[in-house]
>>> print(open('final.pdb').read())   # PDB, C-alpha atoms and all ligand atoms
ATOM      1  CA  MET A   1     -17.288 -67.631  -8.463  1.00  0.00           C
ATOM      2  CA  ASN A   2     -16.164 -70.580  -6.425  1.00  0.00           C
ATOM      3  CA  PHE A   3     -18.892 -72.344  -4.425  1.00  0.00           C
ATOM      4  CA  ASP A   4     -16.826 -75.517  -3.814  1.00  0.00           C
ATOM      5  CA  ASN A   5     -16.824 -75.081  -0.056  1.00  0.00           C
ATOM      6  CA  TYR A   6     -20.514 -74.184   0.166  1.00  0.00           C
ATOM      7  CA  SER A   7     -22.784 -76.624   1.874  1.00  0.00           C
ATOM      8  CA  TRP A   8     -26.364 -75.469   1.323  1.00  0.00           C
ATOM      9  CA  LYS A   9     -28.483 -76.210   4.407  1.00  0.00           C
ATOM     10  CA  ASP A  10     -32.021 -77.604   4.570  1.00  0.00           C
ATOM     11  CA  THR A  11     -32.450 -77.981   0.825  1.00  0.00           C
ATOM     12  CA  VAL A  12     -35.513 -79.810  -0.457  1.00  0.00           C
ATOM     13  CA  HIS A  13     -36.217 -82.089  -3.412  1.00  0.00           C
ATOM     14  CA  LEU A  14     -37.615 -80.083  -6.338  1.00  0.00           C
ATOM     15  CA  GLN A  15     -39.110 -80.935  -9.679  1.00  0.00           C
ATOM     16  CA  SER A  16     -36.174 -81.546 -12.043  1.00  0.00           C
ATOM     17  CA  LYS A  17     -35.135 -78.496 -14.029  1.00  0.00           C
ATOM     18  CA  LYS A  18     -32.626 -78.279 -16.839  1.00  0.00           C
ATOM     19  CA  PHE A  19     -30.669 -75.021 -17.243  1.00  0.00           C
ATOM     20  CA  ILE A  20     -27.352 -73.540 -18.297  1.00  0.00           C
ATOM     21  CA  CYS A  21     -25.511 -72.589 -15.122  1.00  0.00           C
ATOM     22  CA  TRP A  22     -24.527 -68.905 -15.098  1.00  0.00           C
ATOM     23  CA  ASN A  23     -21.425 -69.760 -13.043  1.00  0.00           C
ATOM     24  CA  CYS A  24     -19.833 -72.848 -14.638  1.00  0.00           C
ATOM     25  CA  GLY A  25     -21.532 -72.673 -18.046  1.00  0.00           C
ATOM     26  CA  ASN A  26     -22.540 -76.363 -17.989  1.00  0.00           C
ATOM     27  CA  VAL A  27     -25.922 -77.617 -19.100  1.00  0.00           C
ATOM     28  CA  VAL A  28     -27.185 -79.240 -15.913  1.00  0.00           C
ATOM     29  CA  ALA A  29     -30.356 -80.693 -14.422  1.00  0.00           C
ATOM     30  CA  SER A  30     -30.990 -80.048 -10.757  1.00  0.00           C
ATOM     31  CA  VAL A  31     -33.508 -81.428  -8.279  1.00  0.00           C
ATOM     32  CA  ILE A  32     -32.017 -79.775  -5.197  1.00  0.00           C
ATOM     33  CA  GLY A  33     -32.773 -76.307  -3.874  1.00  0.00           C
ATOM     34  CA  TYR A  34     -35.351 -74.188  -2.100  1.00  0.00           C
ATOM     35  CA  ARG A  35     -39.041 -73.407  -2.432  1.00  0.00           C
ATOM     36  CA  ALA A  36     -40.598 -70.040  -1.801  1.00  0.00           C
ATOM     37  CA  LEU A  37     -44.149 -69.128  -0.917  1.00  0.00           C
ATOM     38  CA  TYR A  38     -45.406 -66.978  -3.795  1.00  0.00           C
ATOM     39  CA  GLY A  39     -48.802 -65.572  -2.901  1.00  0.00           C
ATOM     40  CA  SER A  40     -50.637 -68.630  -1.632  1.00  0.00           C
ATOM     41  CA  TYR A  41     -48.687 -71.418  -3.336  1.00  0.00           C
ATOM     42  CA  TYR A  42     -45.186 -72.833  -3.141  1.00  0.00           C
ATOM     43  CA  LYS A  43     -42.907 -72.464  -6.069  1.00  0.00           C
ATOM     44  CA  ASP A  44     -39.534 -74.027  -6.899  1.00  0.00           C
ATOM     45  CA  ALA A  45     -37.429 -70.926  -6.634  1.00  0.00           C
ATOM     46  CA  ILE A  46     -33.723 -71.652  -6.193  1.00  0.00           C
ATOM     47  CA  TYR A  47     -31.908 -74.575  -7.762  1.00  0.00           C
ATOM     48  CA  ILE A  48     -28.365 -75.549  -6.761  1.00  0.00           C
ATOM     49  CA  CYS A  49     -26.098 -76.409  -9.682  1.00  0.00           C
ATOM     50  CA  PRO A  50     -24.995 -80.044  -9.240  1.00  0.00           C
ATOM     51  CA  HIS A  51     -21.687 -79.260 -10.934  1.00  0.00           C
ATOM     52  CA  CYS A  52     -20.423 -76.110  -9.158  1.00  0.00           C
ATOM     53  CA  LYS A  53     -23.002 -75.602  -6.359  1.00  0.00           C
ATOM     54  CA  ALA A  54     -23.930 -72.088  -7.523  1.00  0.00           C
ATOM     55  CA  PRO A  55     -27.495 -70.984  -6.711  1.00  0.00           C
ATOM     56  CA  HIS A  56     -29.745 -70.454  -9.719  1.00  0.00           C
ATOM     57  CA  ILE A  57     -32.893 -68.373  -9.191  1.00  0.00           C
ATOM     58  CA  VAL A  58     -36.093 -68.982 -11.156  1.00  0.00           C
ATOM     59  CA  ASP A  59     -38.738 -66.319 -10.591  1.00  0.00           C
ATOM     60  CA  HIS A  60     -42.533 -66.666 -10.775  1.00  0.00           C
ATOM     61  CA  MET A  61     -42.453 -65.776 -14.494  1.00  0.00           C
ATOM     62  CA  ASN A  62     -39.956 -68.628 -15.048  1.00  0.00           C
ATOM     63  CA  GLN A  63     -37.184 -66.108 -15.744  1.00  0.00           C
ATOM     64  CA  GLU A  64     -33.741 -67.350 -14.739  1.00  0.00           C
ATOM     65  CA  ILE A  65     -31.471 -65.032 -12.803  1.00  0.00           C
ATOM     66  CA  PRO A  66     -28.656 -64.499 -13.538  1.00  0.00           C
ATOM     67  CA  ALA A  67     -29.091 -65.411 -17.186  1.00  0.00           C
ATOM     68  CA  ALA A  68     -26.526 -67.823 -18.653  1.00  0.00           C
ATOM     69  CA  LEU A  69     -23.485 -66.085 -20.070  1.00  0.00           C
ATOM     70  CA  PRO A  70     -23.758 -65.375 -23.800  1.00  0.00           C
ATOM     71  CA  GLY A  71     -20.896 -66.408 -26.064  1.00  0.00           C
ATOM     72  CA  ASN A  72     -18.303 -69.044 -25.232  1.00  0.00           C
ATOM     73  CA  PRO A  73     -15.021 -69.171 -23.350  1.00  0.00           C
ATOM     74  CA  ILE A  74     -12.021 -68.910 -25.709  1.00  0.00           C
ATOM     75  CA  LYS A  75      -8.814 -70.898 -25.306  1.00  0.00           C
ATOM     76  CA  ASN A  76      -5.259 -69.505 -25.515  1.00  0.00           C
ATOM     77  CA  LEU A  77      -6.243 -65.890 -24.891  1.00  0.00           C
ATOM     78  CA  PRO A  78      -3.626 -63.747 -23.150  1.00  0.00           C
ATOM     79  CA  GLU A  79      -4.751 -63.306 -19.549  1.00  0.00           C
ATOM     80  CA  THR A  80      -5.428 -59.581 -19.922  1.00  0.00           C
ATOM     81  CA  ILE A  81      -7.742 -60.063 -22.904  1.00  0.00           C
ATOM     82  CA  ASN A  82      -9.410 -63.086 -21.335  1.00  0.00           C
ATOM     83  CA  ARG A  83     -10.324 -61.141 -18.198  1.00  0.00           C
ATOM     84  CA  VAL A  84     -11.855 -58.301 -20.166  1.00  0.00           C
ATOM     85  CA  TYR A  85     -13.649 -60.658 -22.585  1.00  0.00           C
ATOM     86  CA  GLU A  86     -15.180 -62.641 -19.694  1.00  0.00           C
ATOM     87  CA  GLU A  87     -16.199 -59.373 -18.043  1.00  0.00           C
ATOM     88  CA  ALA A  88     -18.000 -58.379 -21.243  1.00  0.00           C
ATOM     89  CA  ARG A  89     -19.934 -61.685 -21.211  1.00  0.00           C
ATOM     90  CA  SER A  90     -20.941 -61.056 -17.587  1.00  0.00           C
ATOM     91  CA  CYS A  91     -22.016 -57.499 -18.453  1.00  0.00           C
ATOM     92  CA  ILE A  92     -24.443 -58.756 -21.119  1.00  0.00           C
ATOM     93  CA  ALA A  93     -25.891 -61.348 -18.723  1.00  0.00           C
ATOM     94  CA  ALA A  94     -26.426 -58.541 -16.204  1.00  0.00           C
ATOM     95  CA  GLY A  95     -28.184 -56.384 -18.803  1.00  0.00           C
ATOM     96  CA  ALA A  96     -25.369 -53.790 -18.895  1.00  0.00           C
ATOM     97  CA  TYR A  97     -25.320 -53.387 -22.675  1.00  0.00           C
ATOM     98  CA  THR A  98     -23.651 -49.975 -22.956  1.00  0.00           C
ATOM     99  CA  ALA A  99     -20.804 -51.133 -20.692  1.00  0.00           C
ATOM    100  CA  THR A 100     -20.488 -54.311 -22.775  1.00  0.00           C
ATOM    101  CA  VAL A 101     -20.102 -52.350 -26.001  1.00  0.00           C
ATOM    102  CA  MET A 102     -17.480 -50.079 -24.420  1.00  0.00           C
ATOM    103  CA  ILE A 103     -15.432 -53.035 -23.142  1.00  0.00           C
ATOM    104  CA  LEU A 104     -15.634 -54.965 -26.418  1.00  0.00           C
ATOM    105  CA  ARG A 105     -14.600 -51.896 -28.417  1.00  0.00           C
ATOM    106  CA  LYS A 106     -11.610 -51.648 -26.117  1.00  0.00           C
ATOM    107  CA  ILE A 107     -10.618 -55.240 -26.902  1.00  0.00           C
ATOM    108  CA  LEU A 108     -10.674 -54.593 -30.660  1.00  0.00           C
ATOM    109  CA  MET A 109      -8.770 -51.315 -30.276  1.00  0.00           C
ATOM    110  CA  ASN A 110      -6.103 -53.025 -28.164  1.00  0.00           C
ATOM    111  CA  LEU A 111      -5.790 -55.883 -30.625  1.00  0.00           C
ATOM    112  CA  ALA A 112      -5.300 -53.412 -33.483  1.00  0.00           C
ATOM    113  CA  VAL A 113      -2.662 -51.422 -31.578  1.00  0.00           C
ATOM    114  CA  GLU A 114      -0.922 -54.629 -30.537  1.00  0.00           C
ATOM    115  CA  GLU A 115      -0.783 -55.612 -34.209  1.00  0.00           C
ATOM    116  CA  GLY A 116       0.727 -52.365 -35.387  1.00  0.00           C
ATOM    117  CA  ALA A 117      -2.062 -49.773 -35.715  1.00  0.00           C
ATOM    118  CA  LYS A 118      -1.168 -46.409 -34.289  1.00  0.00           C
ATOM    119  CA  GLU A 119      -2.590 -45.407 -30.917  1.00  0.00           C
ATOM    120  CA  GLY A 120      -5.262 -42.738 -30.538  1.00  0.00           C
ATOM    121  CA  ASP A 121      -7.077 -43.477 -33.772  1.00  0.00           C
ATOM    122  CA  SER A 122     -10.846 -43.835 -34.188  1.00  0.00           C
ATOM    123  CA  PHE A 123     -12.725 -47.073 -33.551  1.00  0.00           C
ATOM    124  CA  ALA A 124     -13.854 -47.173 -37.204  1.00  0.00           C
ATOM    125  CA  HIS A 125     -10.224 -46.893 -38.317  1.00  0.00           C
ATOM    126  CA  TYR A 126      -9.165 -49.743 -36.033  1.00  0.00           C
ATOM    127  CA  VAL A 127     -11.917 -51.960 -37.449  1.00  0.00           C
ATOM    128  CA  ASP A 128     -10.699 -51.123 -40.982  1.00  0.00           C
ATOM    129  CA  TYR A 129      -7.142 -51.881 -39.920  1.00  0.00           C
ATOM    130  CA  LEU A 130      -8.103 -55.311 -38.572  1.00  0.00           C
ATOM    131  CA  CYS A 131     -10.002 -56.105 -41.794  1.00  0.00           C
ATOM    132  CA  GLU A 132      -7.261 -54.849 -44.140  1.00  0.00           C
ATOM    133  CA  ASN A 133      -4.551 -56.754 -42.298  1.00  0.00           C
ATOM    134  CA  GLY A 134      -6.313 -60.100 -42.219  1.00  0.00           C
ATOM    135  CA  PHE A 135      -7.293 -60.211 -38.540  1.00  0.00           C
ATOM    136  CA  VAL A 136     -10.957 -60.289 -39.574  1.00  0.00           C
ATOM    137  CA  HIS A 137     -11.858 -63.036 -42.043  1.00  0.00           C
ATOM    138  CA  ARG A 138     -13.081 -61.623 -45.381  1.00  0.00           C
ATOM    139  CA  ARG A 139     -16.463 -63.333 -44.895  1.00  0.00           C
ATOM    140  CA  GLN A 140     -16.908 -61.289 -41.725  1.00  0.00           C
ATOM    141  CA  HIS A 141     -16.111 -57.886 -43.262  1.00  0.00           C
ATOM    142  CA  GLU A 142     -19.828 -57.068 -43.631  1.00  0.00           C
ATOM    143  CA  GLN A 143     -20.360 -57.676 -39.913  1.00  0.00           C
ATOM    144  CA  ALA A 144     -17.282 -55.598 -39.163  1.00  0.00           C
ATOM    145  CA  LYS A 145     -18.650 -52.711 -41.266  1.00  0.00           C
ATOM    146  CA  ARG A 146     -21.934 -52.882 -39.376  1.00  0.00           C
ATOM    147  CA  ILE A 147     -20.319 -52.619 -35.958  1.00  0.00           C
ATOM    148  CA  GLN A 148     -18.338 -49.532 -36.988  1.00  0.00           C
ATOM    149  CA  ARG A 149     -21.495 -47.574 -36.200  1.00  0.00           C
ATOM    150  CA  LEU A 150     -20.923 -48.506 -32.548  1.00  0.00           C
ATOM    151  CA  GLY A 151     -17.941 -46.160 -32.512  1.00  0.00           C
ATOM    152  CA  ASN A 152     -18.715 -42.704 -31.172  1.00  0.00           C
ATOM    153  CA  ASP A 153     -15.268 -41.152 -31.325  1.00  0.00           C
ATOM    154  CA  ALA A 154     -16.463 -38.037 -33.131  1.00  0.00           C
ATOM    155  CA  ASN A 155     -18.683 -36.623 -30.400  1.00  0.00           C
ATOM    156  CA  HIS A 156     -17.369 -38.410 -27.274  1.00  0.00           C
ATOM    157  CA  LYS A 157     -20.911 -38.758 -26.008  1.00  0.00           C
ATOM    158  CA  ILE A 158     -21.935 -41.898 -24.159  1.00  0.00           C
ATOM    159  CA  GLU A 159     -24.748 -43.385 -26.187  1.00  0.00           C
ATOM    160  CA  SER A 160     -27.103 -45.963 -24.792  1.00  0.00           C
ATOM    161  CA  ARG A 161     -26.693 -49.361 -26.460  1.00  0.00           C
ATOM    162  CA  THR A 162     -29.199 -52.151 -26.948  1.00  0.00           C
ATOM    163  CA  LYS A 163     -28.926 -55.861 -26.272  1.00  0.00           C
ATOM    164  CA  GLU A 164     -28.793 -56.441 -30.048  1.00  0.00           C
ATOM    165  CA  ASP A 165     -25.819 -54.038 -30.359  1.00  0.00           C
ATOM    166  CA  ALA A 166     -23.997 -55.823 -27.537  1.00  0.00           C
ATOM    167  CA  LEU A 167     -24.671 -59.321 -28.923  1.00  0.00           C
ATOM    168  CA  GLU A 168     -23.685 -58.354 -32.449  1.00  0.00           C
ATOM    169  CA  LEU A 169     -20.377 -56.922 -31.263  1.00  0.00           C
ATOM    170  CA  LEU A 170     -19.756 -59.877 -28.924  1.00  0.00           C
ATOM    171  CA  ASN A 171     -20.306 -62.285 -31.800  1.00  0.00           C
ATOM    172  CA  LEU A 172     -17.748 -60.528 -33.988  1.00  0.00           C
ATOM    173  CA  VAL A 173     -15.172 -60.107 -31.217  1.00  0.00           C
ATOM    174  CA  GLN A 174     -15.564 -63.797 -30.386  1.00  0.00           C
ATOM    175  CA  LEU A 175     -14.911 -64.807 -34.009  1.00  0.00           C
ATOM    176  CA  ILE A 176     -11.867 -62.538 -34.221  1.00  0.00           C
ATOM    177  CA  LEU A 177     -10.406 -63.829 -30.946  1.00  0.00           C
ATOM    178  CA  ILE A 178     -10.997 -67.481 -31.921  1.00  0.00           C
ATOM    179  CA  ASN A 179      -9.261 -66.935 -35.281  1.00  0.00           C
ATOM    180  CA  ASN A 180      -6.343 -65.029 -33.827  1.00  0.00           C
ATOM    181  CA  TYR A 181      -5.752 -66.942 -30.586  1.00  0.00           C
ATOM    182  CA  GLU A 182      -7.631 -70.221 -30.171  1.00  0.00           C
ATOM    183  CA  GLN A 183      -7.077 -71.318 -33.795  1.00  0.00           C
ATOM    184  CA  ALA A 184      -3.737 -69.553 -34.365  1.00  0.00           C
ATOM    185  CA  ASP A 185      -0.815 -71.688 -35.608  1.00  0.00           C
ATOM    186  CA  GLU A 186       1.390 -70.446 -32.833  1.00  0.00           C
ATOM    187  CA  LEU A 187       0.252 -69.712 -29.350  1.00  0.00           C
ATOM    188  CA  VAL A 188       0.296 -65.960 -28.908  1.00  0.00           C
ATOM    189  CA  LYS A 189       2.128 -65.605 -25.644  1.00  0.00           C
ATOM    190  CA  LYS A 190       2.754 -61.898 -25.441  1.00  0.00           C
ATOM    191  CA  GLU A 191       0.524 -59.902 -23.120  1.00  0.00           C
ATOM    192  CA  PRO A 192      -1.006 -56.918 -24.896  1.00  0.00           C
ATOM    193  CA  VAL A 193      -0.583 -53.415 -23.570  1.00  0.00           C
ATOM    194  CA  VAL A 194      -3.953 -52.328 -22.220  1.00  0.00           C
ATOM    195  CA  VAL A 195      -4.799 -48.845 -23.466  1.00  0.00           C
ATOM    196  CA  MET A 196      -7.490 -47.346 -21.250  1.00  0.00           C
TER     197      MET A 196
HETATM  198 ZN    ZN B   1     -22.636 -74.557 -12.179  1.00  0.00          ZN
END
>>> encode(input="final.pdb", output="structure tokens")
Amino acid sequence: MNFDNYSWKDTVHLQSKKFICWNCGNVVASVIGYRALYGSYYKDAIYICPHCKAPHIVDHMNQEIPAALPGNPIKNLPETINRVYEEARSCIAAGAYTATVMILRKILMNLAVEEGAKEGDSFAHYVDYLCENGFVHRRQHEQAKRIQRLGNDANHKIESRTKEDALELLNLVQLILINNYEQADELVKKEPVVVM
């Protein structure tokens, strides 16, 4: 989100707090924000990011909301993939793990189809295809085998996924995208067809 034109009113000086901004991803330290009365004492509750001006909430348990985005931005991604990948990162930060897994599966399936796999196949088959054709590094084949269990093509039921499932899949998708786009010899310019 863009907070460039925001001018937060009546902010106060807070005790310095270091955090990763959920909006710009920078590690920042802020001393500007708002206090809240929690029970009978004041608590530093909202910090303004000095880099992008986004508000960063810290609750009475010291939990930060929203949490920083997991994973990292990836360079040279086609716009379509980048949008979906960033959405997946936001989904994890919001605690929407089942949605994250569904979106990340979609990225891998699209990548496989874009690279020659036939459409309408199972998730497990697409993961095999990416491994067999060198899109997944051989040292990551074990991880790839593990995430095949996150496919549920056989019964078409929506299964609830955990944070660990979502992070494991995000980690693998991130590695695959870095290898095939950010670190690719040639910039991949073509926009993939999005199969939904
Ligand atoms: Zn920021």
>>> residues_near_ligand(input="final.pdb", ligand="ligand ZN 1 (chain B)", cutoff="8 Å", atoms="only C-alpha atoms and all ligand atoms", output="mmCIF file with C-alpha atoms, in the coordinates of the input")
data_model
loop_
_atom_site.group_PDB
_atom_site.id
_atom_site.type_symbol
_atom_site.label_atom_id
_atom_site.label_comp_id
_atom_site.auth_asym_id
_atom_site.auth_seq_id
_atom_site.Cartn_x
_atom_site.Cartn_y
_atom_site.Cartn_z
ATOM 1 C CA ILE A 20 -27.352 -73.540 -18.297
ATOM 2 C CA CYS A 21 -25.511 -72.589 -15.122
ATOM 3 C CA TRP A 22 -24.527 -68.905 -15.098
ATOM 4 C CA ASN A 23 -21.425 -69.760 -13.043
ATOM 5 C CA CYS A 24 -19.833 -72.848 -14.638
ATOM 6 C CA GLY A 25 -21.532 -72.673 -18.046
ATOM 7 C CA ASN A 26 -22.540 -76.363 -17.989
ATOM 8 C CA VAL A 28 -27.185 -79.240 -15.913
ATOM 9 C CA ILE A 48 -28.365 -75.549 -6.761
ATOM 10 C CA CYS A 49 -26.098 -76.409 -9.682
ATOM 11 C CA PRO A 50 -24.995 -80.044 -9.240
ATOM 12 C CA HIS A 51 -21.687 -79.260 -10.934
ATOM 13 C CA CYS A 52 -20.423 -76.110 -9.158
ATOM 14 C CA LYS A 53 -23.002 -75.602 -6.359
ATOM 15 C CA ALA A 54 -23.930 -72.088 -7.523
#
>>> closest_residue(input="final.pdb", among="A:Ile57, A:Lys9, A:Leu170, A:Gln143", to="A:Glu87", atoms="only C-alpha atoms")
A:Leu170
>>> residues_around(input="final.pdb", residues="stretch 59-67 of chain A", least_positions_apart="2", cutoff="12 Å", atoms="only C-alpha atoms", output="number ranges by chain")
A: 17-23, 25, 35-39, 41-47, 54-57, 69-70, 89-95
>>> resolve_selection(input="final.pdb", expression="the PyMOL selection byres (((chain A and resi 161) around 10) and not hetatm)", output="PyMOL selection string")
chain A and resi 96-102+150+158-160+162-166
>>> resolve_selection(input="final.pdb", expression="the PyMOL selection byres (((chain A and resi 124) around 8) and not hetatm)", output="MDAnalysis selection string")
chainID A and resid 122:123 125:128 148:149 151
>>> atom_distance(input="final.pdb", atom1="atom CA of A:Gln174", atom2="atom CA of A:Glu132")
18.4 Å
>>> closest_residue(input="final.pdb", among="A:Trp8, A:Tyr129, A:Phe3, A:Phe135", to="A:Ile32", atoms="all atoms listed in the file")
A:Trp8
>>> atom_distance(input="final.pdb", atom1="atom CA of A:Glu182", atom2="atom CA of A:Asn76")
5.3 Å
>>> atom_distance(input="final.pdb", atom1="atom CA of A:Lys118", atom2="atom CA of A:Gly134")
16.6 Å
>>> residues_near_point(input="final.pdb", point="(-6.3, -60.8, -39.7)", cutoff="10 Å", atoms="only C-alpha atoms", output="PDB file with C-alpha atoms, in the coordinates of the input")
ATOM      1  CA  ALA A 112      -5.300 -53.412 -33.483  1.00  0.00           C
ATOM      2  CA  GLU A 115      -0.783 -55.612 -34.209  1.00  0.00           C
ATOM      3  CA  TYR A 129      -7.142 -51.881 -39.920  1.00  0.00           C
ATOM      4  CA  LEU A 130      -8.103 -55.311 -38.572  1.00  0.00           C
ATOM      5  CA  CYS A 131     -10.002 -56.105 -41.794  1.00  0.00           C
ATOM      6  CA  GLU A 132      -7.261 -54.849 -44.140  1.00  0.00           C
ATOM      7  CA  ASN A 133      -4.551 -56.754 -42.298  1.00  0.00           C
ATOM      8  CA  GLY A 134      -6.313 -60.100 -42.219  1.00  0.00           C
ATOM      9  CA  PHE A 135      -7.293 -60.211 -38.540  1.00  0.00           C
ATOM     10  CA  VAL A 136     -10.957 -60.289 -39.574  1.00  0.00           C
ATOM     11  CA  HIS A 137     -11.858 -63.036 -42.043  1.00  0.00           C
ATOM     12  CA  ARG A 138     -13.081 -61.623 -45.381  1.00  0.00           C
ATOM     13  CA  ILE A 176     -11.867 -62.538 -34.221  1.00  0.00           C
ATOM     14  CA  ASN A 179      -9.261 -66.935 -35.281  1.00  0.00           C
ATOM     15  CA  ASN A 180      -6.343 -65.029 -33.827  1.00  0.00           C
TER      16      ASN A 180
END
>>> axis_aligned_box(input="final.pdb", around="stretch 74-85 of chain A", padding_each_side="6 Å", output="AutoDock Vina command-line options")
--center_x -8.6 --center_y -64.6 --center_z -22.0 --size_x 22.0 --size_y 24.6 --size_z 19.5
>>> resolve_selection(input="final.pdb", expression="the PyMOL selection byres (((chain A and resi 75) around 9) and not hetatm)", output="NGL selection string")
:A and (73-74 or 76-77 or 82 or 178 or 181-183)
>>> write_last_selection(input="final.pdb", atoms="C-alpha atoms", output="PDB file, in the coordinates of the input")
ATOM      1  CA  PRO A  73     -15.021 -69.171 -23.350  1.00  0.00           C
ATOM      2  CA  ILE A  74     -12.021 -68.910 -25.709  1.00  0.00           C
ATOM      3  CA  ASN A  76      -5.259 -69.505 -25.515  1.00  0.00           C
ATOM      4  CA  LEU A  77      -6.243 -65.890 -24.891  1.00  0.00           C
ATOM      5  CA  ASN A  82      -9.410 -63.086 -21.335  1.00  0.00           C
ATOM      6  CA  ILE A 178     -10.997 -67.481 -31.921  1.00  0.00           C
ATOM      7  CA  TYR A 181      -5.752 -66.942 -30.586  1.00  0.00           C
ATOM      8  CA  GLU A 182      -7.631 -70.221 -30.171  1.00  0.00           C
ATOM      9  CA  GLN A 183      -7.077 -71.318 -33.795  1.00  0.00           C
TER      10      GLN A 183
END
>>> residues_around(input="final.pdb", residues="A:Val84", least_positions_apart="3", cutoff="9 Å", atoms="only C-alpha atoms", output="PyMOL selection string")
chain A and resi 79-81+87-89+103-104+106-107
>>> closest_residue(input="final.pdb", among="A:Leu177, A:Leu167, A:Tyr6, A:Val31", to="A:Leu108", atoms="all atoms listed in the file")
A:Leu177
>>> decode(input="final.pdb", residues="stretch 50-84 of chain A", atoms="C-alpha atoms", output="PDB file, in the first residue's frame")
ATOM      1  CA  PRO A  50       9.865   5.941   9.027  1.00  0.00           C
ATOM      2  CA  HIS A  51      10.448   4.579   5.529  1.00  0.00           C
ATOM      3  CA  CYS A  52       6.935   4.213   4.045  1.00  0.00           C
ATOM      4  CA  LYS A  53       4.688   5.745   6.755  1.00  0.00           C
ATOM      5  CA  ALA A  54       2.615   2.569   7.172  1.00  0.00           C
ATOM      6  CA  PRO A  55       1.088   2.055  10.635  1.00  0.00           C
ATOM      7  CA  HIS A  56       2.436  -0.917  12.568  1.00  0.00           C
ATOM      8  CA  ILE A  57       0.338  -2.194  15.481  1.00  0.00           C
ATOM      9  CA  VAL A  58       1.890  -3.783  18.570  1.00  0.00           C
ATOM     10  CA  ASP A  59      -0.664  -5.319  20.919  1.00  0.00           C
ATOM     11  CA  HIS A  60      -0.447  -5.756  24.703  1.00  0.00           C
ATOM     12  CA  MET A  61       1.163  -9.193  24.233  1.00  0.00           C
ATOM     13  CA  ASN A  62       3.853  -7.553  22.052  1.00  0.00           C
ATOM     14  CA  GLN A  63       2.434  -9.265  18.959  1.00  0.00           C
ATOM     15  CA  GLU A  64       2.936  -7.264  15.773  1.00  0.00           C
ATOM     16  CA  ILE A  65       0.021  -6.864  13.403  1.00  0.00           C
ATOM     17  CA  PRO A  66       0.185  -7.388  10.497  1.00  0.00           C
ATOM     18  CA  ALA A  67       3.141  -9.739  10.753  1.00  0.00           C
ATOM     19  CA  ALA A  68       6.054  -9.072   8.383  1.00  0.00           C
ATOM     20  CA  LEU A  69       5.706 -10.834   5.059  1.00  0.00           C
ATOM     21  CA  PRO A  70       7.449 -14.217   4.959  1.00  0.00           C
ATOM     22  CA  GLY A  71       9.788 -14.974   2.071  1.00  0.00           C
ATOM     23  CA  ASN A  72      11.454 -12.371  -0.123  1.00  0.00           C
ATOM     24  CA  PRO A  73      10.533 -10.386  -3.212  1.00  0.00           C
ATOM     25  CA  ILE A  74      11.924 -11.988  -6.396  1.00  0.00           C
ATOM     26  CA  LYS A  75      13.375 -10.033  -9.306  1.00  0.00           C
ATOM     27  CA  ASN A  76      12.572 -10.573 -13.005  1.00  0.00           C
ATOM     28  CA  LEU A  77       9.308 -12.423 -12.407  1.00  0.00           C
ATOM     29  CA  PRO A  78       6.666 -12.022 -15.116  1.00  0.00           C
ATOM     30  CA  GLU A  79       4.040  -9.628 -13.775  1.00  0.00           C
ATOM     31  CA  THR A  80       1.321 -12.282 -13.571  1.00  0.00           C
ATOM     32  CA  ILE A  81       3.444 -14.625 -11.453  1.00  0.00           C
ATOM     33  CA  ASN A  82       4.766 -11.778  -9.326  1.00  0.00           C
ATOM     34  CA  ARG A  83       1.258 -10.636  -8.407  1.00  0.00           C
ATOM     35  CA  VAL A  84       0.184 -14.110  -7.376  1.00  0.00           C
TER      36      VAL A  84
END
